[in-house]
Amino acid sequence: MTGAVVVDIEGTTSPTAAVREDLYGYTRQRLPAWLAENSSTAAAPVLAATRELSGRPDADPAEVAAILREWLDSDVKAEPLKTAQGLICAEGFRSGALHGEFFSDVPPALTAWHAAGFALYVYSSGSIRNQQDWFAFARGGSLSGLISGYFDLSTAGGKRESSSYDKIAGAIGLPSERILFLSDHPDELDAATAAGWRVVGLARPGEPNPPRPPHRWVDTFADIDPAGQP
């Protein structure tokens, strides 16, 4: 294996608006009914974990839905919310209501890097289930065959913590200097750098995170050579 490239999703491979409006909107709309209909099955762990995290042990499904919607609107990275979103959106991807949206430069770059022998991974705050569906149900055709693995908050830890990148490197089985991380968030790039990874920042037009030194920033995957020095 030549090396590995680990990509963020929101603002990096895909427009932030697509994630926030499509996935978040779909989740927000369906949360109350999904929690009520699945309270004794798939939603049971979500209900229990939300009650514990919120300090409201007696919250009924409607109250839990309100809590989760508040977390969703505030972009709180809570595991029960991510779990619920993964399960709810899985239905949307399979019904054709949702698709993974990618910047046009991303599929050809990922395809070329994969063909060149790079192992490709995804690390996002969204659940692994959502990540897998985002790539499998990409609007232009599935990209999941290019991806060797997925990491989220529950399997790797927070994206602004260098220990998370140490954990991912261990799971990938490569020394840190052979891993390239692509993200639009400076704090994430800082954490990956602290773990010894190579990094490149994505500063795409219309995205919310401004570039910050000392990292190299580009606005397209076409300007990245994973074999070279970033």
# chains A, B, ... in the order shown; residues from 1 in each chain; ligands from 1
>>> closest_atom_pairs(of="region 17-73 of chain A", to="region 132-151 of chain A", cutoff="12 Å", atoms="only C-alpha atoms", output="Markdown table")
| residue | atom | partner | partner_atom | distance |
| --- | --- | --- | --- | --- |
| A:Ala18 | CA | A:Trp134 | CA | 10.8 |
| A:Val19 | CA | A:Trp134 | CA | 9.6 |
| A:Asp22 | CA | A:Trp134 | CA | 11.2 |
| A:Leu23 | CA | A:Trp134 | CA | 9.7 |
>>> write_last_selection(atoms="N, CA, C and O atoms", output="CSV table (one decimal), in the first residue's frame")
chain,number,residue,atom,x,y,z
A,18,ALA,N,-25.6,20.8,1.8
A,18,ALA,CA,-26.2,19.5,1.5
A,18,ALA,C,-26.4,18.6,2.7
A,18,ALA,O,-27.4,18.0,3.0
A,19,VAL,N,-25.3,18.7,3.6
A,19,VAL,CA,-25.4,17.9,4.8
A,19,VAL,C,-26.4,18.5,5.8
A,19,VAL,O,-27.3,17.8,6.3
A,22,ASP,N,-30.2,18.6,3.8
A,22,ASP,CA,-30.8,17.4,3.5
A,22,ASP,C,-30.8,16.4,4.7
A,22,ASP,O,-31.9,16.0,5.1
A,23,LEU,N,-29.6,16.0,5.2
A,23,LEU,CA,-29.6,15.1,6.3
A,23,LEU,C,-30.3,15.6,7.6
A,23,LEU,O,-31.1,14.9,8.2
>>> residues_around(residues="Leu72 (chain A)", least_positions_apart="3", cutoff="12 Å", atoms="only C-alpha atoms", output="NGL selection string")
:A and (19-21 or 23-29 or 31 or 65-69 or 75-82 or 84-85 or 126)
>>> select_by_dssp(residues="region 2-225 of chain A", states="alpha helix (DSSP H)", output="ChimeraX atom specification")
/A:16-17,25-37,44-54,61-73,79-95,106-115,128-136,162-172,186-194
>>> closest_residue(among="A:Ser39, A:Thr111, A:Ser183, A:Ser124", to="Thr155 (chain A)", atoms="only C-alpha atoms")
A:Ser124
>>> select_by_dssp(residues="region 21-125 of chain A", states="strand (DSSP E or B)", output="list of chain:residue names")
A:Gly100, A:Phe118, A:Ala119, A:Leu120, A:Tyr121, A:Val122, A:Tyr123
>>> residues_around(residues="region 5-15 of chain A", least_positions_apart="5", cutoff="9 Å", atoms="only C-alpha atoms", output="number ranges by chain")
A: 20, 100-103, 105-107, 113, 118-126, 131, 178-185, 201-204, 206-209, 220-221, 226
